[in-house]
2 protein chains.
Amino acid sequence: MPNSNTHTDSSPVFSPLYQQIKSLLLQSLEKGEWNAGDLIPPEVELAKRYNVSQGTVRKAVDELAAENLLVRRQGRGTFVATHQESKIRFRFLSMKADDGTDFKTRSTILDVKHTTPPEAVRAHLELNKKDAAVQISRLLSFDNTPAVVEEIWLPSQIFADVTLDKLTNYKGTLYGWFEAEYNVRMIRAVENLRAVVATPQVAQLLEVSAVEPLLFVERLSYTYADKPVEVRHGWYLTAAHHYQNELI
Amino acid sequence: MPNSNTHTDSSPVFSPLYQQIKSLLLQSLEKGEWNAGDLIPPEVELAKRYNVSQGTVRKAVDELAAENLLVRRQGRGTFVATHQESKIRFRFLSMKADDGTDFKTRSTILDVKHTTPPEAVRAHLELNKKDAAVQISRLLSFDNTPAVVEEIWLPSQIFADVTLDKLTNYKGTLYGWFEAEYNVRMIRAVENLRAVVATPQVAQLLEVSAVEPLLFVERLSYTYADKPVEVRHGWYLTAAHHYQNELI
DNA sequence: CAGTGGTCTAGACCACTGG
DNA sequence: CAGTGGTCTAGACCACTGC
C-alpha cells in the first residue's frame with residue numbers, strides 16, 4: 001500500500017515507503033504471524049503482498065536484520081531471530097574471561113516468588129500500583145566458580161505461571177525460555193553499570209569477603225514495540241572476568 | 001575498476017564490487033586525501049571515478065556511514081566524521097548522571113611524560129621493545145566534582161611533541177586534539193570493565209576513602225586499518241554517575 | 001534554482017543452499 | 001536444479017540545503 005508522498009501531500013512529515021513496509025513487517029512480528037525461528041515469506045512474495053518493488057522490501061528487511069530482529073541466510077531465506085541460536089545467545093552476556101578462554105556458564109535458581117515489586121522496578125516495567133511481578137533469584141557460575149548473583153523481575157501478567165520447578169528443569173538460557181514458553185522475545189536492553197561493595201548475602205553466595213568490590217549491572221529489557229518486560233540486577237565478580245564493550 | 005567475478009573467475013573468494021569501492025574509499029581516508037570534517041566528492045563523481053554505478057557507490061558509502069567513518073547530510077553532501085561534532089563527542093564517554101541531567105565535564109592534566117610503557121601497554125600498542133610512549137595523567141570532573149582519574153598511553157612515534165603546556169591549553173576533547181594536532185582519528189575502541197578498590201593515589205585525587213569501590217575501565221582505541229593507537233585506564237567514581245550501555 | 005543525497009522501480013545476473 | 005537472498009545497473013523522481 002504505497003502512499004503518494006508527492007508535493008501535493010500536505011502532511012508535514014515524509015515517511016519513505018520502505019519505512020512503512022518495515023512497520024508492517026514489525027506488526028506481523030509483534031502479533032505473532034511469524035514466530036521466533038520461523039522462515040518469513042521470500043522477498044518477491046512480500047513485494048507482491050505490499051505492492052512495492054523487491055528493492056523496497058529489501059531495504060525494510062535490511063534494517064530489521066541490522067537491528068537483529070531478522071536473520072538473512074543467503075540461499076535459504078529470512079528468519080525471525082531466536083534466542084536459541086548460539087550467536088544470539090551471547091548478545092546479552094558481555095562477560096569475557098581475562099585470559100580470553102571460553103568458560104561454561106551454569107545457572108542455579110535460588111528462589112522464585114510472586115511479589116509486589118519495589119517502586120523503582122514497578123516504574124521501569126510500567127506496571128500499575130498493585131500489579132504483581134515474578135521475582136527470580138539465581139546464581140551463575142563460570143566454570144563451576146560462583147561469578148554472578150542476579151535478581152530478576154518480570155510482569156506477572158505475562159509470566160503468570162513461572163515456578164521454581166519449571167525454571168530449574170529448563171535447559172538453556174532464560175531468554176530462550178521466555179521465548180519458548182511465553183512467546184516473549186527480548187530484542188533490546190539498556191544496562192547501567194556501577195562499582196559497589198558486596199552485600200552480605202551476595203558476598204556469601206559468591207564466596208567472597210563482605211567488602212569485595214563488585215560490578216553492579218542494572219538491566220532493563222524490551223520486547224517489540226519498546227515494551228519493557230524485564231528488570232535485572234546483577235552483581236558480578238570481576239576477579240577473573242570482565243565486562244567487555246565495544247565502542248563503534 | 002570493477003572486476004569480473006564471473007564463474008570463469010577461479011579465485012576462491014567472491015568480493016562484491018561495493019566492497020572493493022569501500023576499500024578504495026577507506027584508503028583515501030587513511031592516506032589523508034580527505035581529512036576530518038572534509039566534504040568528500042558527490043556520489044555521481046565517485047561513481048565516475050571508480051567506473052561503477054551510483055548505486056554501488058551508495059552501498060559502499062552507506063556502510064562507511066554505518067561505521068561512523070562518514071556522515072551523510074541530505075542536500076549537502078557526505079563528510080568525513082570528526083570528533084569536533086558534538087554528536088560524536090559523546091560516543092566515547094558512556095557516563096550518565098543517575099538523575100539523567102546533563103553535566104559539565106572538565107579535564108585537568110596532571111602530568112605528561114615520555115616513558116617506556118608497561119609491558120602490557122607496549123603489547124597492546126604493538127610497539128617494539130624499546131619504543132617510547134607518552135603517558136598522560138588527568139583528572140576529570142563532572143560539574144566540578146572529581147569523577148575520573150585517567151592514565152593514557154600513546155605511541156611517541158606519532159605523538160612525539162606532546163607537552164603538558166600544549167595539552168593544558170587546548171580547549172576540547174582529547175580525541176578532538178589528536179585529530180586536529182596529529183591527524184589521528186580514533187574510530188573504534190574496546191573497553192574492559194571491572195570493579196576494583198581505589199589505590200591510595202586515585203582515592204586521594206577523587207577525594208574518597210581508600211576502600212571506595214571504583215569502576216575500572218581499560219580502553220584500547222584504534223584508528224584506520226585497525227591500528228591500535230591509545231591505551232587508556234580509567235578509575236570511575238560511580239556514586240552519582242553510571243556507565244550506560246545499550247545491547248541491541 | 002542548482003546540486004546533493006534519498007527513494008523507488010524494473011530487470012538482469014550471480015552466489016549460495018538444499019533436495 | 002529450483003528457489004532464495006545478494007549484487008549491479010540505469011533511470012526517474014523526490015526531499016533537502018544553501019545560495
# chains A, B, ... in the order shown; residues from 1 in each chain; ligands from 1
>>> select_by_dssp(residues="segment 106-223 of chain A", states="alpha helix (DSSP H)", output="list of chain:residue names")
A:Glu119, A:Ala120, A:Val121, A:Arg122, A:Ala123, A:His124, A:Leu164, A:Asp165, A:Lys166, A:Leu167, A:Thr168, A:Asn169, A:Leu174, A:Tyr175, A:Gly176, A:Trp177, A:Phe178, A:Glu179, A:Ala180, A:Glu181, A:Tyr182, A:Pro200, A:Gln201, A:Val202, A:Ala203, A:Gln204, A:Leu205, A:Leu206
>>> atom_distance(atom1="atom CA of Leu24 of chain B", atom2="atom CA of Ala36 of chain B")
17.0 Å
>>> closest_residue(among="B:Asp143, B:Glu126, B:Glu43, B:Glu33", to="chain C", atoms="only C-alpha atoms (C1' of nucleotides)")
B:Glu43
>>> residues_around(residues="segment 2-15 of chain C", least_positions_apart="2", cutoff="8 Å", atoms="only C-alpha atoms (C1' of nucleotides)", output="list of chain:residue names")
A:Pro16, A:Leu17, A:Ser53, A:Gly55, A:Thr56, B:Thr6, B:Pro42, B:Arg72, B:Arg73, B:Gln74, B:Gly75, B:Arg76, B:Gly77, D:DG6, D:DT7, D:DC14, D:DA15
>>> closest_atom_pairs(of="chain B", to="chain A", cutoff="10 Å", atoms="only C-alpha atoms", output="CSV")
residue,atom,partner,partner_atom,distance
B:Ala66,CA,A:Ile248,CA,9.3
B:Glu67,CA,A:Ile248,CA,6.6
B:Asn68,CA,A:Ile248,CA,7.2
B:Leu69,CA,A:Ile248,CA,9.5
B:Arg91,CA,A:Leu247,CA,7.2
B:Phe92,CA,A:Leu247,CA,6.8
B:Leu93,CA,A:Leu247,CA,9.5
B:Ser94,CA,A:Leu247,CA,9.3
B:Met95,CA,A:Asn192,CA,9.2
B:Lys96,CA,A:Asn192,CA,8.9
B:Asp98,CA,A:Asn192,CA,9.2
B:Met186,CA,A:Ile248,CA,9.7
B:Ile187,CA,A:Ile248,CA,6.8
B:Arg188,CA,A:Ile248,CA,4.9
B:Ala189,CA,A:Leu247,CA,5.1
B:Val190,CA,A:Glu246,CA,4.4
B:Glu191,CA,A:Asn245,CA,5.1
B:Asn192,CA,A:Gln244,CA,4.6
B:Leu193,CA,A:Tyr243,CA,4.9
B:Arg194,CA,A:Thr238,CA,5.5
B:Ala195,CA,A:Leu215,CA,5.0
B:Val196,CA,A:Pro213,CA,5.6
B:Val197,CA,A:Pro213,CA,6.3
B:Ala198,CA,A:Pro213,CA,9.8
B:Val211,CA,A:Val211,CA,8.6
B:Glu212,CA,A:Val197,CA,8.3
B:Pro213,CA,A:Pro213,CA,5.4
B:Leu214,CA,A:Ala195,CA,5.2
B:Leu215,CA,A:Ala195,CA,5.0
B:Phe216,CA,A:Ala195,CA,8.5
B:Val217,CA,A:Tyr243,CA,9.4
B:Glu218,CA,A:Gln244,CA,9.6
B:Arg219,CA,A:Glu246,CA,9.3
B:Leu220,CA,A:Glu246,CA,9.7
B:Ser221,CA,A:Leu247,CA,9.0
B:Tyr236,CA,A:Ala195,CA,8.5
B:Leu237,CA,A:Ala195,CA,8.0
B:Thr238,CA,A:Arg194,CA,5.5
B:Ala239,CA,A:Arg194,CA,7.9
B:Ala240,CA,A:Arg194,CA,9.6
B:His241,CA,A:Arg194,CA,8.0
B:His242,CA,A:Leu193,CA,5.5
B:Tyr243,CA,A:Leu193,CA,4.9
B:Gln244,CA,A:Asn192,CA,4.6
B:Asn245,CA,A:Glu191,CA,5.1
B:Glu246,CA,A:Val190,CA,4.4
B:Leu247,CA,A:Ala189,CA,5.1
B:Ile248,CA,A:Arg188,CA,4.9
>>> closest_residue(among="A:Leu26, A:Leu206, A:Ala60, A:Val44", to="chain D", atoms="only C-alpha atoms (C1' of nucleotides)")
A:Val44
>>> select_by_dssp(residues="segment 29-227 of chain B", states="strand (DSSP E or B)", output="PyMOL selection string")
chain B and resi 39-40+70-73+77-80+95-97+105-115+133-142+145-155+188-197+213-223+227
>>> closest_atom_pairs(of="chain D", to="chain B", cutoff="9 Å", atoms="only C-alpha atoms (C1' of nucleotides)", output="JSON lines")
{"residue": "D:DT7", "atom": "C1'", "partner": "B:Pro16", "partner_atom": "CA", "distance": 6.9}
{"residue": "D:DC8", "atom": "C1'", "partner": "B:Thr56", "partner_atom": "CA", "distance": 6.9}
{"residue": "D:DT9", "atom": "C1'", "partner": "B:Ser53", "partner_atom": "CA", "distance": 6.3}
{"residue": "D:DA10", "atom": "C1'", "partner": "B:Ser53", "partner_atom": "CA", "distance": 8.2}
{"residue": "D:DA15", "atom": "C1'", "partner": "B:Gly75", "partner_atom": "CA", "distance": 8.0}
{"residue": "D:DC16", "atom": "C1'", "partner": "B:Gly75", "partner_atom": "CA", "distance": 4.8}
{"residue": "D:DT17", "atom": "C1'", "partner": "B:Gly75", "partner_atom": "CA", "distance": 4.7}
{"residue": "D:DG18", "atom": "C1'", "partner": "B:Arg76", "partner_atom": "CA", "distance": 8.2}
>>> atom_distance(atom1="atom CA of Ala65 of chain B", atom2="atom CA of Lys59 of chain A")
15.9 Å
>>> residues_around(residues="segment 157-166 of chain B", least_positions_apart="2", cutoff="8 Å", atoms="only C-alpha atoms (C1' of nucleotides)", output="ChimeraX atom specification")
/B:109,111-113,131-134,154-155,168-170,182
>>> write_last_selection(atoms="N, CA, C and O atoms", output="compact mmCIF listing (two decimals), in the first residue's frame")
# COMPACT_ATOMS: atom_id res chain seq x y z
N ILE B 109 44.87 18.28 33.38
CA ILE B 109 46.03 17.45 33.07
C ILE B 109 46.96 17.46 34.28
O ILE B 109 47.35 18.52 34.77
N ASP B 111 49.84 15.29 34.56
CA ASP B 111 51.22 15.00 34.23
C ASP B 111 51.33 14.51 32.79
O ASP B 111 50.43 13.85 32.28
N VAL B 112 52.44 14.83 32.15
CA VAL B 112 52.74 14.30 30.82
C VAL B 112 54.21 13.89 30.83
O VAL B 112 55.06 14.70 31.18
N LYS B 113 54.49 12.64 30.50
CA LYS B 113 55.89 12.25 30.43
C LYS B 113 56.11 11.21 29.33
O LYS B 113 55.21 10.45 29.00
N ASP B 131 60.57 1.05 22.11
CA ASP B 131 59.77 2.21 21.73
C ASP B 131 59.23 2.92 22.96
O ASP B 131 58.83 2.30 23.93
N ALA B 132 59.23 4.23 22.87
CA ALA B 132 58.72 5.04 23.98
C ALA B 132 57.23 5.32 23.79
O ALA B 132 56.67 5.11 22.71
N ALA B 133 56.62 5.80 24.86
CA ALA B 133 55.23 6.19 24.81
C ALA B 133 55.04 7.46 25.62
O ALA B 133 55.79 7.72 26.56
N VAL B 134 54.04 8.24 25.22
CA VAL B 134 53.66 9.40 26.02
C VAL B 134 52.66 8.93 27.05
O VAL B 134 51.70 8.24 26.70
N LEU B 154 50.22 6.80 24.65
CA LEU B 154 50.19 6.98 23.20
C LEU B 154 51.57 6.68 22.65
O LEU B 154 52.58 6.97 23.30
N PRO B 155 51.67 6.15 21.43
CA PRO B 155 52.98 5.88 20.85
C PRO B 155 53.74 7.20 20.62
O PRO B 155 53.22 8.11 19.97
N THR B 168 47.29 21.37 28.08
CA THR B 168 46.51 22.20 29.01
C THR B 168 45.82 23.34 28.28
O THR B 168 44.71 23.74 28.63
N ASN B 169 46.49 23.84 27.25
CA ASN B 169 45.93 25.00 26.56
C ASN B 169 44.84 24.66 25.56
O ASN B 169 44.13 25.55 25.09
N TYR B 170 44.73 23.37 25.23
CA TYR B 170 43.72 23.01 24.24
C TYR B 170 42.33 22.92 24.86
O TYR B 170 42.13 22.29 25.89
N TYR B 182 47.43 15.97 15.37
CA TYR B 182 48.24 14.85 14.88
C TYR B 182 47.59 14.10 13.72
O TYR B 182 48.12 13.12 13.23
>>> decode(residues="segment 14-27 of chain A", atoms="all heavy atoms", output="PDB file, in the first residue's frame")
ATOM      1  N   PHE A  14       7.506  13.305   6.072  1.00  0.00           N
ATOM      2  CA  PHE A  14       7.653  12.413   4.934  1.00  0.00           C
ATOM      3  C   PHE A  14       8.113  11.058   5.441  1.00  0.00           C
ATOM      4  O   PHE A  14       9.097  10.945   6.163  1.00  0.00           O
ATOM      5  CB  PHE A  14       8.684  12.995   3.971  1.00  0.00           C
ATOM      6  CG  PHE A  14       9.190  12.008   2.988  1.00  0.00           C
ATOM      7  CD1 PHE A  14       8.376  11.541   1.967  1.00  0.00           C
ATOM      8  CD2 PHE A  14      10.491  11.534   3.081  1.00  0.00           C
ATOM      9  CE1 PHE A  14       8.847  10.620   1.054  1.00  0.00           C
ATOM     10  CE2 PHE A  14      10.968  10.609   2.159  1.00  0.00           C
ATOM     11  CZ  PHE A  14      10.142  10.156   1.141  1.00  0.00           C
ATOM     12  N   SER A  15       7.365  10.035   5.123  1.00  0.00           N
ATOM     13  CA  SER A  15       7.759   8.695   5.537  1.00  0.00           C
ATOM     14  C   SER A  15       7.995   7.838   4.308  1.00  0.00           C
ATOM     15  O   SER A  15       7.072   7.554   3.556  1.00  0.00           O
ATOM     16  CB  SER A  15       6.655   8.087   6.404  1.00  0.00           C
ATOM     17  OG  SER A  15       6.879   6.721   6.574  1.00  0.00           O
ATOM     18  N   PRO A  16       9.239   7.445   4.084  1.00  0.00           N
ATOM     19  CA  PRO A  16       9.526   6.648   2.900  1.00  0.00           C
ATOM     20  C   PRO A  16       8.752   5.340   2.903  1.00  0.00           C
ATOM     21  O   PRO A  16       8.407   4.814   3.963  1.00  0.00           O
ATOM     22  CB  PRO A  16      11.023   6.388   2.968  1.00  0.00           C
ATOM     23  CG  PRO A  16      11.543   7.109   4.146  1.00  0.00           C
ATOM     24  CD  PRO A  16      10.406   7.714   4.891  1.00  0.00           C
ATOM     25  N   LEU A  17       8.499   4.855   1.715  1.00  0.00           N
ATOM     26  CA  LEU A  17       7.772   3.612   1.554  1.00  0.00           C
ATOM     27  C   LEU A  17       8.385   2.479   2.351  1.00  0.00           C
ATOM     28  O   LEU A  17       7.692   1.720   3.012  1.00  0.00           O
ATOM     29  CB  LEU A  17       7.791   3.217   0.074  1.00  0.00           C
ATOM     30  CG  LEU A  17       6.461   3.153  -0.654  1.00  0.00           C
ATOM     31  CD1 LEU A  17       6.658   2.571  -2.029  1.00  0.00           C
ATOM     32  CD2 LEU A  17       5.480   2.313   0.136  1.00  0.00           C
ATOM     33  N   TYR A  18       9.697   2.349   2.293  1.00  0.00           N
ATOM     34  CA  TYR A  18      10.326   1.194   2.938  1.00  0.00           C
ATOM     35  C   TYR A  18      10.154   1.246   4.445  1.00  0.00           C
ATOM     36  O   TYR A  18      10.101   0.210   5.107  1.00  0.00           O
ATOM     37  CB  TYR A  18      11.807   1.095   2.553  1.00  0.00           C
ATOM     38  CG  TYR A  18      12.720   2.080   3.217  1.00  0.00           C
ATOM     39  CD1 TYR A  18      13.274   1.794   4.464  1.00  0.00           C
ATOM     40  CD2 TYR A  18      13.025   3.302   2.635  1.00  0.00           C
ATOM     41  CE1 TYR A  18      14.119   2.699   5.086  1.00  0.00           C
ATOM     42  CE2 TYR A  18      13.859   4.196   3.251  1.00  0.00           C
ATOM     43  CZ  TYR A  18      14.408   3.900   4.473  1.00  0.00           C
ATOM     44  OH  TYR A  18      15.222   4.803   5.076  1.00  0.00           O
ATOM     45  N   GLN A  19       9.997   2.462   4.999  1.00  0.00           N
ATOM     46  CA  GLN A  19       9.733   2.567   6.426  1.00  0.00           C
ATOM     47  C   GLN A  19       8.335   2.067   6.740  1.00  0.00           C
ATOM     48  O   GLN A  19       8.103   1.450   7.780  1.00  0.00           O
ATOM     49  CB  GLN A  19       9.877   4.021   6.888  1.00  0.00           C
ATOM     50  CG  GLN A  19      11.312   4.514   6.993  1.00  0.00           C
ATOM     51  CD  GLN A  19      12.073   3.890   8.153  1.00  0.00           C
ATOM     52  OE1 GLN A  19      11.524   3.116   8.934  1.00  0.00           O
ATOM     53  NE2 GLN A  19      13.357   4.199   8.250  1.00  0.00           N
ATOM     54  N   GLN A  20       7.411   2.351   5.849  1.00  0.00           N
ATOM     55  CA  GLN A  20       6.052   1.857   6.054  1.00  0.00           C
ATOM     56  C   GLN A  20       6.039   0.334   5.971  1.00  0.00           C
ATOM     57  O   GLN A  20       5.375  -0.335   6.770  1.00  0.00           O
ATOM     58  CB  GLN A  20       5.121   2.465   5.008  1.00  0.00           C
ATOM     59  CG  GLN A  20       5.118   3.994   5.041  1.00  0.00           C
ATOM     60  CD  GLN A  20       4.313   4.585   3.887  1.00  0.00           C
ATOM     61  OE1 GLN A  20       3.241   4.096   3.534  1.00  0.00           O
ATOM     62  NE2 GLN A  20       4.833   5.647   3.285  1.00  0.00           N
ATOM     63  N   ILE A  21       6.791  -0.209   5.011  1.00  0.00           N
ATOM     64  CA  ILE A  21       6.872  -1.667   4.891  1.00  0.00           C
ATOM     65  C   ILE A  21       7.492  -2.249   6.159  1.00  0.00           C
ATOM     66  O   ILE A  21       7.027  -3.255   6.697  1.00  0.00           O
ATOM     67  CB  ILE A  21       7.729  -2.067   3.673  1.00  0.00           C
ATOM     68  CG1 ILE A  21       7.186  -1.424   2.398  1.00  0.00           C
ATOM     69  CG2 ILE A  21       7.780  -3.586   3.536  1.00  0.00           C
ATOM     70  CD1 ILE A  21       5.759  -1.756   2.083  1.00  0.00           C
ATOM     71  N   LYS A  22       8.525  -1.571   6.651  1.00  0.00           N
ATOM     72  CA  LYS A  22       9.185  -2.032   7.873  1.00  0.00           C
ATOM     73  C   LYS A  22       8.184  -2.088   9.030  1.00  0.00           C
ATOM     74  O   LYS A  22       8.156  -3.058   9.788  1.00  0.00           O
ATOM     75  CB  LYS A  22      10.337  -1.073   8.210  1.00  0.00           C
ATOM     76  CG  LYS A  22      11.223  -1.522   9.338  1.00  0.00           C
ATOM     77  CD  LYS A  22      12.323  -0.490   9.594  1.00  0.00           C
ATOM     78  CE  LYS A  22      13.015  -0.739  10.926  1.00  0.00           C
ATOM     79  NZ  LYS A  22      13.960   0.352  11.256  1.00  0.00           N
ATOM     80  N   SER A  23       7.360  -1.072   9.134  1.00  0.00           N
ATOM     81  CA  SER A  23       6.342  -1.060  10.183  1.00  0.00           C
ATOM     82  C   SER A  23       5.385  -2.233  10.035  1.00  0.00           C
ATOM     83  O   SER A  23       5.018  -2.879  11.028  1.00  0.00           O
ATOM     84  CB  SER A  23       5.540   0.244  10.143  1.00  0.00           C
ATOM     85  OG  SER A  23       6.366   1.331  10.473  1.00  0.00           O
ATOM     86  N   LEU A  24       5.001  -2.504   8.800  1.00  0.00           N
ATOM     87  CA  LEU A  24       4.083  -3.620   8.569  1.00  0.00           C
ATOM     88  C   LEU A  24       4.733  -4.945   8.953  1.00  0.00           C
ATOM     89  O   LEU A  24       4.093  -5.809   9.572  1.00  0.00           O
ATOM     90  CB  LEU A  24       3.643  -3.644   7.100  1.00  0.00           C
ATOM     91  CG  LEU A  24       2.770  -2.454   6.670  1.00  0.00           C
ATOM     92  CD1 LEU A  24       2.539  -2.465   5.161  1.00  0.00           C
ATOM     93  CD2 LEU A  24       1.426  -2.507   7.405  1.00  0.00           C
ATOM     94  N   LEU A  25       6.004  -5.104   8.605  1.00  0.00           N
ATOM     95  CA  LEU A  25       6.715  -6.329   8.965  1.00  0.00           C
ATOM     96  C   LEU A  25       6.793  -6.444  10.483  1.00  0.00           C
ATOM     97  O   LEU A  25       6.566  -7.508  11.061  1.00  0.00           O
ATOM     98  CB  LEU A  25       8.123  -6.312   8.358  1.00  0.00           C
ATOM     99  CG  LEU A  25       8.201  -6.390   6.827  1.00  0.00           C
ATOM    100  CD1 LEU A  25       9.632  -6.170   6.346  1.00  0.00           C
ATOM    101  CD2 LEU A  25       7.673  -7.725   6.330  1.00  0.00           C
ATOM    102  N   LEU A  26       7.084  -5.316  11.126  1.00  0.00           N
ATOM    103  CA  LEU A  26       7.173  -5.273  12.584  1.00  0.00           C
ATOM    104  C   LEU A  26       5.840  -5.685  13.208  1.00  0.00           C
ATOM    105  O   LEU A  26       5.806  -6.449  14.194  1.00  0.00           O
ATOM    106  CB  LEU A  26       7.548  -3.846  12.988  1.00  0.00           C
ATOM    107  CG  LEU A  26       8.595  -3.589  14.054  1.00  0.00           C
ATOM    108  CD1 LEU A  26       9.576  -4.740  14.214  1.00  0.00           C
ATOM    109  CD2 LEU A  26       9.313  -2.303  13.738  1.00  0.00           C
ATOM    110  N   GLN A  27       4.752  -5.198  12.633  1.00  0.00           N
ATOM    111  CA  GLN A  27       3.435  -5.580  13.150  1.00  0.00           C
ATOM    112  C   GLN A  27       3.209  -7.080  13.049  1.00  0.00           C
ATOM    113  O   GLN A  27       2.683  -7.707  13.965  1.00  0.00           O
ATOM    114  CB  GLN A  27       2.342  -4.834  12.372  1.00  0.00           C
ATOM    115  CG  GLN A  27       2.158  -3.386  12.800  1.00  0.00           C
ATOM    116  CD  GLN A  27       1.210  -2.634  11.872  1.00  0.00           C
ATOM    117  OE1 GLN A  27       0.254  -3.199  11.348  1.00  0.00           O
ATOM    118  NE2 GLN A  27       1.489  -1.348  11.663  1.00  0.00           N
TER     119      GLN A  27
END
